[in-house]
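This is query02.txt. It holds compact mmCIF, C-alpha atoms and all ligand atoms.
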```txt
# COMPACT_ATOMS: atom_id res chain seq x y z
CA MET Y 1 20.52 -10.97 -17.44
CA LYS Y 2 18.75 -9.33 -20.38
CA THR Y 3 15.75 -7.47 -19.05
CA ALA Y 4 12.87 -5.56 -20.62
CA LEU Y 5 11.12 -2.64 -18.95
CA LEU Y 6 7.39 -2.13 -19.46
CA GLY Y 7 7.05 1.58 -18.79
CA TYR Y 8 9.62 4.37 -18.59
CA GLY Y 9 8.13 6.78 -16.10
CA VAL Y 10 9.66 7.80 -12.77
CA VAL Y 11 10.29 4.23 -11.62
CA GLY Y 12 11.24 2.72 -14.99
CA SER Y 13 13.83 5.38 -15.75
CA GLY Y 14 15.14 5.01 -12.19
CA VAL Y 15 15.61 1.25 -12.64
CA HIS Y 16 17.42 1.84 -15.95
CA ALA Y 17 19.78 4.36 -14.35
CA LEU Y 18 20.47 2.07 -11.38
CA ALA Y 19 21.16 -0.96 -13.60
CA GLU Y 20 23.66 1.12 -15.59
CA ALA Y 21 25.24 2.56 -12.45
CA ARG Y 22 25.74 -0.96 -11.03
CA PRO Y 23 27.05 -3.00 -14.01
CA GLU Y 24 28.65 -5.53 -11.65
CA HIS Y 25 25.21 -7.14 -11.17
CA GLY Y 26 24.91 -7.95 -14.88
CA ILE Y 27 21.38 -6.56 -15.28
CA THR Y 28 21.11 -5.25 -18.85
CA ILE Y 29 18.04 -3.30 -19.90
CA SER Y 30 17.83 -4.42 -23.52
CA ARG Y 31 14.27 -3.33 -24.47
CA VAL Y 32 11.80 -0.77 -23.13
CA LEU Y 33 8.07 -0.68 -23.93
CA VAL Y 34 7.07 2.98 -24.33
CA ARG Y 35 3.98 4.91 -25.37
CA ARG Y 36 5.88 7.92 -26.75
CA ASP Y 37 9.24 8.74 -28.25
CA ILE Y 38 11.97 9.15 -25.61
CA ALA Y 39 15.14 10.26 -27.38
CA PRO Y 40 17.82 8.90 -24.99
CA ILE Y 41 16.45 5.34 -25.20
CA ARG Y 42 15.34 5.34 -28.86
CA ALA Y 43 17.71 2.49 -29.73
CA ILE Y 44 16.08 0.06 -27.29
CA ALA Y 45 12.50 1.38 -27.25
CA THR Y 46 9.50 -0.33 -28.81
CA ARG Y 47 5.76 0.27 -28.79
CA ASP Y 48 5.07 -3.40 -29.55
CA PHE Y 49 4.95 -5.76 -26.57
CA GLN Y 50 5.15 -8.76 -28.94
CA GLU Y 51 8.73 -7.78 -29.77
CA ILE Y 52 9.57 -8.26 -26.10
CA VAL Y 53 7.59 -11.38 -25.31
CA SER Y 54 8.79 -13.20 -28.43
CA ASP Y 55 12.46 -12.30 -27.92
CA PRO Y 56 14.15 -15.42 -26.48
CA SER Y 57 17.16 -13.41 -25.27
CA ILE Y 58 15.01 -11.53 -22.72
CA GLU Y 59 14.92 -13.49 -19.47
CA THR Y 60 13.09 -11.01 -17.25
CA VAL Y 61 10.34 -8.45 -17.68
CA VAL Y 62 9.96 -5.52 -15.27
CA GLU Y 63 6.41 -4.16 -15.19
CA VAL Y 64 6.32 -0.57 -13.93
CA MET Y 65 3.35 0.77 -15.88
CA GLY Y 66 0.87 0.56 -13.00
CA GLY Y 67 -2.89 0.03 -13.26
CA GLU Y 68 -4.74 -3.21 -13.90
CA GLU Y 69 -4.69 -3.29 -17.71
CA PRO Y 70 -2.79 -3.70 -19.96
CA ALA Y 71 -0.25 -4.56 -17.23
CA LEU Y 72 -2.07 -7.78 -16.30
CA THR Y 73 -2.24 -9.02 -19.91
CA TYR Y 74 1.46 -8.30 -20.41
CA VAL Y 75 2.54 -9.92 -17.14
CA LYS Y 76 0.52 -13.07 -17.85
CA ALA Y 77 1.97 -13.29 -21.36
CA ALA Y 78 5.51 -12.82 -20.04
CA LEU Y 79 5.07 -15.55 -17.40
CA ALA Y 80 3.50 -17.89 -19.97
CA ALA Y 81 6.54 -17.25 -22.21
CA LYS Y 82 8.72 -18.41 -19.27
CA LYS Y 83 10.14 -15.01 -18.44
CA HIS Y 84 10.65 -13.95 -14.84
CA VAL Y 85 8.57 -10.94 -13.85
CA VAL Y 86 9.42 -8.15 -11.40
CA THR Y 87 6.60 -5.72 -10.73
CA ALA Y 88 5.75 -2.79 -8.46
CA ASN Y 89 2.04 -3.00 -9.33
CA LYS Y 90 0.08 -3.35 -6.07
CA LEU Y 91 -3.30 -2.85 -7.72
CA MET Y 92 -2.78 -5.66 -10.24
CA LEU Y 93 -1.30 -7.99 -7.63
CA SER Y 94 -3.98 -7.28 -5.03
CA LEU Y 95 -6.64 -8.36 -7.56
CA HIS Y 96 -4.84 -11.28 -9.26
CA TYR Y 97 -2.23 -12.56 -6.78
CA GLU Y 98 -3.30 -16.21 -6.71
CA GLU Y 99 -3.58 -16.51 -10.50
CA LEU Y 100 -0.22 -14.85 -11.16
CA LEU Y 101 1.64 -16.92 -8.56
CA ALA Y 102 0.14 -20.11 -10.03
CA LEU Y 103 1.15 -19.04 -13.54
CA ALA Y 104 4.73 -18.33 -12.42
CA ARG Y 105 4.92 -21.72 -10.67
CA ALA Y 106 3.48 -23.59 -13.65
CA ASN Y 107 6.08 -22.03 -15.94
CA GLY Y 108 9.02 -22.44 -13.56
CA VAL Y 109 9.76 -18.72 -13.38
CA ARG Y 110 9.90 -16.12 -10.59
CA LEU Y 111 7.42 -13.39 -9.78
CA ALA Y 112 8.94 -10.78 -7.43
CA PHE Y 113 7.28 -7.62 -6.15
CA SER Y 114 9.23 -6.01 -3.30
CA ALA Y 115 8.36 -2.50 -4.50
CA ALA Y 116 4.58 -3.06 -4.44
CA VAL Y 117 4.28 -2.26 -0.73
CA GLY Y 118 6.48 0.19 1.12
CA GLY Y 119 8.65 1.24 -1.85
CA GLY Y 120 12.23 0.79 -0.72
CA ILE Y 121 11.32 -0.74 2.65
CA PRO Y 122 12.07 -4.49 2.69
CA TRP Y 123 8.57 -5.35 3.91
CA LEU Y 124 7.06 -8.11 1.78
CA ALA Y 125 10.26 -10.10 1.50
CA ASN Y 126 10.64 -10.22 5.27
CA LEU Y 127 6.95 -10.89 5.80
CA LEU Y 128 7.23 -13.94 3.52
CA ARG Y 129 10.39 -15.12 5.27
CA VAL Y 130 8.99 -14.83 8.77
CA SER Y 131 5.71 -16.51 7.85
CA ARG Y 132 7.73 -19.64 6.94
CA VAL Y 133 8.45 -20.33 10.57
CA ASP Y 134 5.97 -18.29 12.58
CA ARG Y 135 2.28 -17.44 12.69
CA ILE Y 136 1.46 -13.81 11.91
CA ALA Y 137 -1.01 -12.48 14.49
CA SER Y 138 -1.33 -8.98 13.05
CA LEU Y 139 0.27 -6.62 10.57
CA GLY Y 140 -0.07 -3.08 9.33
CA GLY Y 141 0.95 0.51 9.73
CA ILE Y 142 1.51 3.63 7.65
CA MET Y 143 1.66 2.50 4.02
CA ASN Y 144 1.02 5.71 2.08
CA GLY Y 145 3.49 8.56 1.84
CA THR Y 146 1.15 11.11 0.25
CA THR Y 147 -1.43 11.02 3.03
CA ASN Y 148 1.27 10.95 5.68
CA PHE Y 149 2.73 14.11 4.16
CA ILE Y 150 -0.70 15.79 4.26
CA LEU Y 151 -1.45 14.72 7.84
CA THR Y 152 2.00 15.81 9.03
CA ALA Y 153 1.69 19.19 7.31
CA MET Y 154 -1.78 19.78 8.79
CA GLN Y 155 -0.48 18.86 12.23
CA GLN Y 156 2.58 21.10 11.98
CA GLY Y 157 1.14 24.03 10.04
CA GLY Y 158 -2.50 24.20 11.10
CA ALA Y 159 -3.71 24.49 7.50
CA ASP Y 160 -6.93 22.91 6.26
CA PHE Y 161 -7.11 19.79 4.13
CA ALA Y 162 -7.77 21.33 0.70
CA GLU Y 163 -4.89 23.79 1.03
CA THR Y 164 -2.51 21.05 2.22
CA LEU Y 165 -3.54 18.69 -0.59
CA SER Y 166 -2.84 21.47 -3.07
CA THR Y 167 0.64 21.93 -1.56
CA ALA Y 168 1.25 18.16 -1.83
CA GLN Y 169 0.25 18.30 -5.50
CA LYS Y 170 2.54 21.27 -6.20
CA LEU Y 171 5.43 19.39 -4.57
CA GLY Y 172 4.72 16.33 -6.75
CA TYR Y 173 3.71 14.03 -3.86
CA ALA Y 174 0.00 13.84 -4.64
CA GLU Y 175 -1.35 12.94 -8.09
CA ALA Y 176 -3.55 15.35 -10.07
CA ASP Y 177 -6.35 12.87 -9.23
CA PRO Y 178 -5.57 12.15 -5.57
CA THR Y 179 -8.50 9.76 -5.02
CA ALA Y 180 -6.52 6.52 -4.59
CA ASP Y 181 -4.33 8.06 -1.91
CA ILE Y 182 -6.73 10.25 0.08
CA ASP Y 183 -9.64 7.78 0.04
CA GLY Y 184 -7.42 4.94 1.29
CA LEU Y 185 -7.64 2.79 -1.86
CA ASP Y 186 -3.85 2.66 -2.29
CA VAL Y 187 -3.50 1.46 1.31
CA ARG Y 188 -6.30 -1.05 0.80
CA ALA Y 189 -4.46 -2.65 -2.15
CA LYS Y 190 -1.18 -2.74 -0.16
CA LEU Y 191 -2.93 -4.21 2.87
CA ALA Y 192 -4.67 -6.89 0.78
CA LEU Y 193 -1.36 -7.86 -0.79
CA SER Y 194 0.32 -8.00 2.63
CA CYS Y 195 -2.52 -10.26 3.85
CA ASP Y 196 -2.06 -12.53 0.81
CA ALA Y 197 1.62 -12.89 1.69
CA ALA Y 198 1.10 -13.29 5.45
CA PHE Y 199 -1.86 -15.64 5.46
CA ALA Y 200 -1.18 -17.52 2.16
CA GLN Y 201 -4.74 -16.92 1.04
CA MET Y 202 -6.02 -14.23 -1.24
CA ALA Y 203 -7.80 -11.47 0.66
CA ASP Y 204 -10.89 -9.99 -1.00
CA ALA Y 205 -9.75 -6.36 -1.16
CA SER Y 206 -13.27 -5.12 -1.91
CA ALA Y 207 -14.41 -6.44 1.50
CA ILE Y 208 -11.88 -4.36 3.47
CA PRO Y 209 -13.73 -1.45 5.18
CA THR Y 210 -11.90 1.69 4.08
CA LEU Y 211 -12.00 5.26 5.34
CA GLY Y 212 -9.59 7.88 4.04
CA ILE Y 213 -8.66 11.41 5.08
CA ARG Y 214 -10.69 13.44 2.54
CA TYR Y 215 -12.98 14.89 5.23
CA ILE Y 216 -10.46 15.79 7.95
CA THR Y 217 -10.51 19.48 8.99
CA ALA Y 218 -8.03 21.76 10.74
CA ALA Y 219 -10.44 21.79 13.72
CA ASP Y 220 -10.23 17.96 13.96
CA VAL Y 221 -6.44 18.19 14.00
CA ALA Y 222 -6.63 20.88 16.73
CA GLN Y 223 -8.78 18.50 18.83
CA PHE Y 224 -6.18 15.74 18.39
CA HIS Y 225 -3.44 18.13 19.47
CA ALA Y 226 -5.40 19.04 22.61
CA LEU Y 227 -5.72 15.32 23.41
CA GLY Y 228 -1.98 14.76 22.84
CA LEU Y 229 -2.73 12.51 19.86
CA THR Y 230 -1.38 12.31 16.31
CA CYS Y 231 -3.50 11.23 13.33
CA ARG Y 232 -2.10 8.80 10.75
CA LEU Y 233 -3.79 6.81 7.98
CA ILE Y 234 -3.18 3.12 8.60
CA GLY Y 235 -3.98 -0.26 7.13
CA LYS Y 236 -4.29 -3.07 9.65
CA ALA Y 237 -5.05 -6.78 9.67
CA GLU Y 238 -5.37 -8.96 12.75
CA ARG Y 239 -6.42 -12.48 13.50
CA THR Y 240 -9.68 -12.66 15.44
CA GLU Y 241 -11.95 -15.46 16.58
CA ALA Y 242 -13.83 -14.97 13.28
CA GLY Y 243 -10.78 -15.20 10.99
CA VAL Y 244 -8.88 -12.10 9.87
CA ALA Y 245 -10.12 -8.56 10.41
CA ALA Y 246 -8.68 -6.04 7.96
CA TYR Y 247 -9.45 -2.35 7.68
CA VAL Y 248 -8.08 1.00 6.49
CA GLU Y 249 -8.79 4.09 8.57
CA PRO Y 250 -7.28 7.21 10.13
CA MET Y 251 -5.96 6.31 13.57
CA LEU Y 252 -4.89 8.42 16.55
CA PHE Y 253 -1.61 7.58 18.24
CA ALA Y 254 -0.15 8.69 21.56
CA ALA Y 255 3.04 10.74 21.31
CA ASP Y 256 5.26 7.80 22.29
CA ALA Y 257 3.90 5.45 19.61
CA PRO Y 258 6.35 4.88 16.72
CA GLU Y 259 3.66 5.88 14.18
CA ALA Y 260 3.36 9.35 15.78
CA GLY Y 261 7.02 9.99 14.99
CA VAL Y 262 6.77 9.04 11.31
CA ASN Y 263 6.48 12.33 9.46
CA GLY Y 264 6.34 13.54 5.88
CA THR Y 265 6.32 10.82 3.23
CA GLY Y 266 7.69 8.18 5.62
CA ASN Y 267 6.10 4.75 6.07
CA ILE Y 268 6.25 2.35 8.99
CA ILE Y 269 4.91 -1.19 8.65
CA SER Y 270 5.01 -3.86 11.34
CA TYR Y 271 4.04 -7.45 11.92
CA CYS Y 272 3.48 -9.21 15.19
CA CYS Y 273 4.17 -12.94 15.27
CA GLU Y 274 3.34 -15.47 17.94
CA GLY Y 275 6.95 -16.60 18.42
CA LEU Y 276 9.13 -13.77 17.20
CA GLY Y 277 7.08 -10.90 18.59
CA SER Y 278 6.95 -7.57 16.74
CA GLN Y 279 9.20 -6.20 14.03
CA SER Y 280 8.82 -2.82 12.35
CA PHE Y 281 10.17 -1.53 9.05
CA PHE Y 282 10.55 2.19 8.63
CA GLY Y 283 11.69 4.34 5.72
CA LEU Y 284 10.73 5.93 2.42
CA GLY Y 285 7.73 4.17 0.95
CA ALA Y 286 7.60 5.97 -2.38
CA GLY Y 287 9.67 7.98 -4.85
CA GLN Y 288 12.07 7.15 -7.64
CA ALA Y 289 15.19 6.11 -5.76
CA PRO Y 290 13.53 3.90 -3.08
CA THR Y 291 11.20 2.17 -5.55
CA ALA Y 292 13.90 1.63 -8.18
CA SER Y 293 16.15 0.25 -5.45
CA ALA Y 294 13.53 -2.35 -4.48
CA VAL Y 295 13.01 -3.37 -8.12
CA MET Y 296 16.77 -3.66 -8.61
CA GLN Y 297 17.08 -5.85 -5.50
CA ASP Y 298 14.44 -8.17 -6.96
CA LEU Y 299 16.29 -8.29 -10.29
CA ILE Y 300 19.55 -9.21 -8.58
CA ASP Y 301 17.79 -11.92 -6.53
CA VAL Y 302 16.12 -13.32 -9.65
CA SER Y 303 19.41 -13.35 -11.56
CA CYS Y 304 21.03 -15.23 -8.65
CA GLY Y 305 18.16 -17.75 -8.65
CA ALA Y 306 17.25 -17.03 -5.03
CA THR Y 307 14.45 -14.68 -4.12
CA PRO Y 308 12.29 -14.59 -0.99
CA PHE Y 309 9.34 -14.49 -3.38
CA SER Y 310 9.94 -18.12 -4.28
CA LEU Y 311 8.40 -18.74 -0.82
CA ALA Y 312 5.13 -17.07 -1.80
CA HIS Y 313 2.16 -19.36 -2.11
CA CYS Y 314 -1.54 -18.72 -2.04
CA GLU Y 315 -4.33 -21.24 -1.95
CA GLY Y 316 -7.92 -20.14 -1.92
CA SER Y 317 -9.28 -16.86 -0.70
CA PHE Y 318 -10.84 -15.31 2.37
CA VAL Y 319 -13.20 -12.46 3.07
CA PRO Y 320 -11.82 -10.14 5.78
CA ASP Y 321 -14.33 -9.69 8.61
CA ALA Y 322 -13.93 -6.51 10.67
CA SER Y 323 -16.83 -7.22 13.02
CA LYS Y 324 -14.63 -8.79 15.72
CA ALA Y 325 -12.02 -6.00 15.84
CA SER Y 326 -13.07 -3.20 18.14
CA HIS Y 327 -11.77 0.09 19.56
CA PRO Y 328 -12.97 3.58 20.51
CA TYR Y 329 -13.19 6.28 17.86
CA TYR Y 330 -12.98 10.03 17.54
CA LEU Y 331 -16.18 10.91 15.70
CA ARG Y 332 -17.08 14.37 14.42
CA THR Y 333 -20.23 14.95 12.43
CA SER Y 334 -22.47 17.77 11.28
CA GLY Y 335 -25.42 15.49 12.07
CA ALA Y 336 -26.50 14.10 15.42
CA LEU Y 337 -23.91 12.09 17.32
CA PRO Y 338 -25.07 8.49 17.83
CA GLU Y 339 -26.15 8.70 21.48
CA GLY Y 340 -25.72 5.10 22.58
CA CYS Y 341 -22.08 5.09 21.44
CA ILE Y 342 -20.75 8.23 23.18
CA ASP Y 343 -18.14 7.79 25.88
CA ARG Y 344 -16.96 11.41 26.13
CA MET Y 345 -18.13 14.65 24.48
CA LEU Y 346 -15.37 16.85 23.07
CA GLY Y 347 -17.40 19.84 22.00
CA GLN Y 348 -18.29 21.76 18.89
CA THR Y 349 -16.15 22.37 15.79
CA PRO Y 350 -17.13 24.45 12.73
CA ALA Y 351 -18.00 21.17 10.96
CA GLY Y 352 -20.03 19.64 13.79
CA ALA Y 353 -19.86 18.15 17.26
CA ALA Y 354 -17.14 15.71 18.25
CA CYS Y 355 -16.94 12.88 20.75
CA ILE Y 356 -14.93 9.86 21.74
CA THR Y 357 -17.04 6.74 21.37
CA ALA Y 358 -17.07 3.64 23.52
CA PRO Y 359 -15.22 0.71 21.88
CA MET Y 360 -17.10 -0.16 18.69
CA PRO Y 361 -16.69 -2.95 16.14
CA VAL Y 362 -14.72 -1.56 13.20
CA SER Y 363 -17.34 -2.78 10.74
CA ALA Y 364 -20.13 -0.97 12.66
CA LEU Y 365 -18.27 2.35 12.83
CA HIS Y 366 -17.35 2.21 9.14
CA ALA Y 367 -20.98 1.44 8.21
CA LEU Y 368 -22.13 4.38 10.33
CA VAL Y 369 -19.69 6.78 8.66
CA GLN Y 370 -20.56 5.57 5.15
CA ALA Y 371 -24.28 6.02 5.89
CA ARG Y 372 -23.70 9.56 7.19
CA LEU Y 373 -21.60 10.43 4.12
CA ALA Y 374 -24.32 9.05 1.85
CA ALA Y 375 -26.74 11.36 3.69
CA GLN Y 376 -24.47 14.33 2.81
CA GLU Y 377 -23.31 14.89 6.40
CA SER Y 378 -19.82 16.21 7.05
CA VAL Y 379 -18.20 13.43 9.06
CA PHE Y 380 -14.71 12.34 10.05
CA ALA Y 381 -13.74 9.37 12.20
CA ALA Y 382 -10.41 8.07 13.49
CA GLY Y 383 -9.70 5.01 15.63
CA LEU Y 384 -7.91 5.38 18.97
CA ALA Y 385 -4.93 3.05 18.81
CA SER Y 386 -3.84 3.45 22.41
CA LEU Y 387 -7.20 2.27 23.67
CA GLU Y 388 -7.63 -0.73 21.39
CA SER Y 389 -9.49 -3.63 22.94
N1 LIG Y 401 0.94 7.04 -3.89
C1 LIG Y 401 1.74 6.13 -3.15
C2 LIG Y 401 2.16 6.79 -1.82
C3 LIG Y 401 2.95 5.73 -3.95
O1 LIG Y 401 1.96 8.00 -1.66
O2 LIG Y 401 2.63 6.10 -0.92
C4 LIG Y 401 3.65 4.50 -3.49
O3 LIG Y 401 2.85 3.36 -3.57
```
Would you write the structure of this file as structure tokens?
Ligand code: HSE
Amino acid sequence: MKTALLGYGVVGSGVHALAEARPEHGITISRVLVRRDIAPIRAIATRDFQEIVSDPSIETVVEVMGGEEPALTYVKAALAAKKHVVTANKLMLSLHYEELLALARANGVRLAFSAAVGGGIPWLANLLRVSRVDRIASLGGIMNGTTNFILTAMQQGGADFAETLSTAQKLGYAEADPTADIDGLDVRAKLALSCDAAFAQMADASAIPTLGIRYITAADVAQFHALGLTCRLIGKAERTEAGVAAYVEPMLFAADAPEAGVNGTGNIISYCCEGLGSQSFFGLGAGQAPTASAVMQDLIDVSCGATPFSLAHCEGSFVPDASKASHPYYLRTSGALPEGCIDRMLGQTPAGAACITAPMPVSALHALVQARLAAQESVFAAGLASLES
């Protein structure tokens, strides 16, 4: 199957190498869209997307550029030209899922995106398969390797956030601009896309309350240790009486919870279904080899004419509502603790007093934290998973 790559960064070059290492699958990378000269692929490189989209010999386009544009324009043009598309682009998909699926359907081609959530973990494909025959009650977990690396390192080494982020950047885990990872935006896009797949409706990602780990301190982590708890950044969606609650936030897990044992750049993502019960998927959620592996699996499925992504459908949209999901929180702030919400005082840290709150609606706690941040307070909050109500 003649295939074009859009992008030749870490993932694109990994897909090329894997396709060449596994010639038995018949995936031939015949063109590559590049922004600069790359000597080893000069013979197949182009800077003109039109050369790819107008080439009838190319059956499949792999989009691994990332970002919303020009990736979206290229993917739409490729689908309209009746080329299958494989993409790892969670941001583009989380914003345009319904439109892109409809375009693929209308043109009789496949749109596959295993690598968009969980890297090499077979998450979305299994989520789509199970939702054929069961009703998803909840889903979520650790979906970001960079923040999991930072939280693990702070827990194990006692260092503060800024120092640990700098280490993550030196090791190549965190981007020079770490905003999308540390503020939870990467998890929000992955969670929205998981909701689209699980609930067959497009989730409004901008309505998902999102707290990241930017304001965690070594003293917070020491408090968690004293409580026997481990902090992880999670994305979670659950059915409630009001529809679907979805949120991204740091969460504290007891030592025997699977999430507490996922260290470094690992991910763990789970769904809970009414009939099947719970299933969890654990492994490397980022990096060249895992992500290229997921893209290659999609290419092989597309070339065989059978991909779990042919099951994907999406009609209409929904606005996640986190007001009916509720649990206690660890709350530390340099301002006054909200008196009516305190269940247990934990004492003073260098960045303010800390407490465990009574169970609070997720939407209310997130609004409180955002208001305190807007007022220039130092504040960090994390849900208590073991005491969810
Ligand atoms: N920045 C992401 C992570 C990459 O750290 O998980 C994979 O989506």
Quick one: residues within 8 Å of Gly243 (chain Y), all atoms listed in the file counted, chain neighbours fewer than 4 positions away excluded, as a list in words?
Arg239, Pro320 and Asp321 of chain Y
Neighbouring residues of ligand LIG 401 (chain Y) are defined here as those with any atom at most 10 Å from a ligand atom, counting all atoms listed in the file; list them as a PyMOL selection string.
chain Y and resi 88-91+115-120+142-149+173-175+178-182+185-187+189-190+265-267+284-288+290-291
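Shell of region 93-110 of chain Y at 6 Å, with all atoms listed in the file counted and residues fewer than 4 places along the chain excluded, is Y:Leu79, Y:Lys82, Y:His84, Y:Ala189, Y:Ala192, Y:Leu193, Y:Cys314.
Restricting the calculation to all atoms listed in the file, the smallest distance between Ala4 (chain Y) and any of Y:Ile27, Y:Ile58, Y:Leu18, Y:Val244 is found for Y:Ile58.
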Write out as a PyMOL selection string the residues lying within 6 Å of region 252-262 of chain Y, counting all atoms listed in the file and excluding same-chain residues fewer than 3 positions away.
chain Y and resi 229-231+266+383-385
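Ranking Y:Glu377, Y:Asp196, Y:Glu315, Y:Glu59 by their shortest atom-to-atom distance to Thr3 (chain Y), with all atoms listed in the file included, puts Y:Glu59 first.
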Contacts of Ile52 (chain Y) at 12 Å (all atoms listed in the file; same-chain gap of 3+ positions) as a VMD selection string
chain Y and resid 2 to 6 29 to 34 44 to 49 55 to 62 74 to 75 77 to 78 81 83
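Relative to CA of Ala218 (chain Y), CA of Tyr330 (chain Y) is found at 14.4 Å.
CA of Gly172 (chain Y) sits 19.2 Å away from CA of Gly7 (chain Y).
Nearest to Ala125 (chain Y) of all the residues Y:Ala198, Y:Leu365, Y:Pro40, Y:Asp343 is Y:Ala198, based on only C-alpha atoms.
Using only C-alpha atoms, the shortest contact distance between Val64 (chain Y) and any of Y:Met360, Y:Val10, Y:Val221, Y:Val379 is found at Y:Val10.
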With only C-alpha atoms as the atoms that count, which of Y:Ala21, Y:Ala39, Y:Val85, Y:Ala367 lies nearest to Leu211 (chain Y)?
Y:Ala367
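Put simply, CA of Ala354 (chain Y) is 15.3 Å away from CA of Met251 (chain Y).
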To test the calculation: enclose all listed atoms of region 54-68 of chain Y in a box whose edges run along x, y and z, add 4 Å on each side, then state centre and edge lengths in Å to one decimal, as JSON.
```
{"center_x": 6.2, "center_y": -7.3, "center_z": -20.7, "size_x": 29.9, "size_y": 24.2, "size_z": 23.4}
```
If I put a ball of radius 10 Å at (13.2, -14.5, -4.4) in the file's coordinates, which residues poke into it when counting all atoms listed in the file, written as a list of chain:residue names?
Y:Arg110, Y:Leu111, Y:Ala112, Y:Phe113, Y:Ser114, Y:Ala125, Y:Leu128, Y:Gln297, Y:Asp298, Y:Leu299, Y:Ile300, Y:Asp301, Y:Val302, Y:Ser303, Y:Cys304, Y:Gly305, Y:Ala306, Y:Thr307, Y:Pro308, Y:Phe309, Y:Ser310, Y:Leu311, Y:Ala312
Leu346 (chain Y) environment, 10 Å, all atoms listed in the file, sequence neighbours closer than 2 positions dropped, as a ChimeraX atom specification
/Y:223,227,330-332,343-344,348-349,353-356
Counting all atoms listed in the file, the residue of Y:Ala197, Y:Ala381, Y:Ala358, Y:Leu191 that sits nearest Phe224 (chain Y):
Y:Ala381
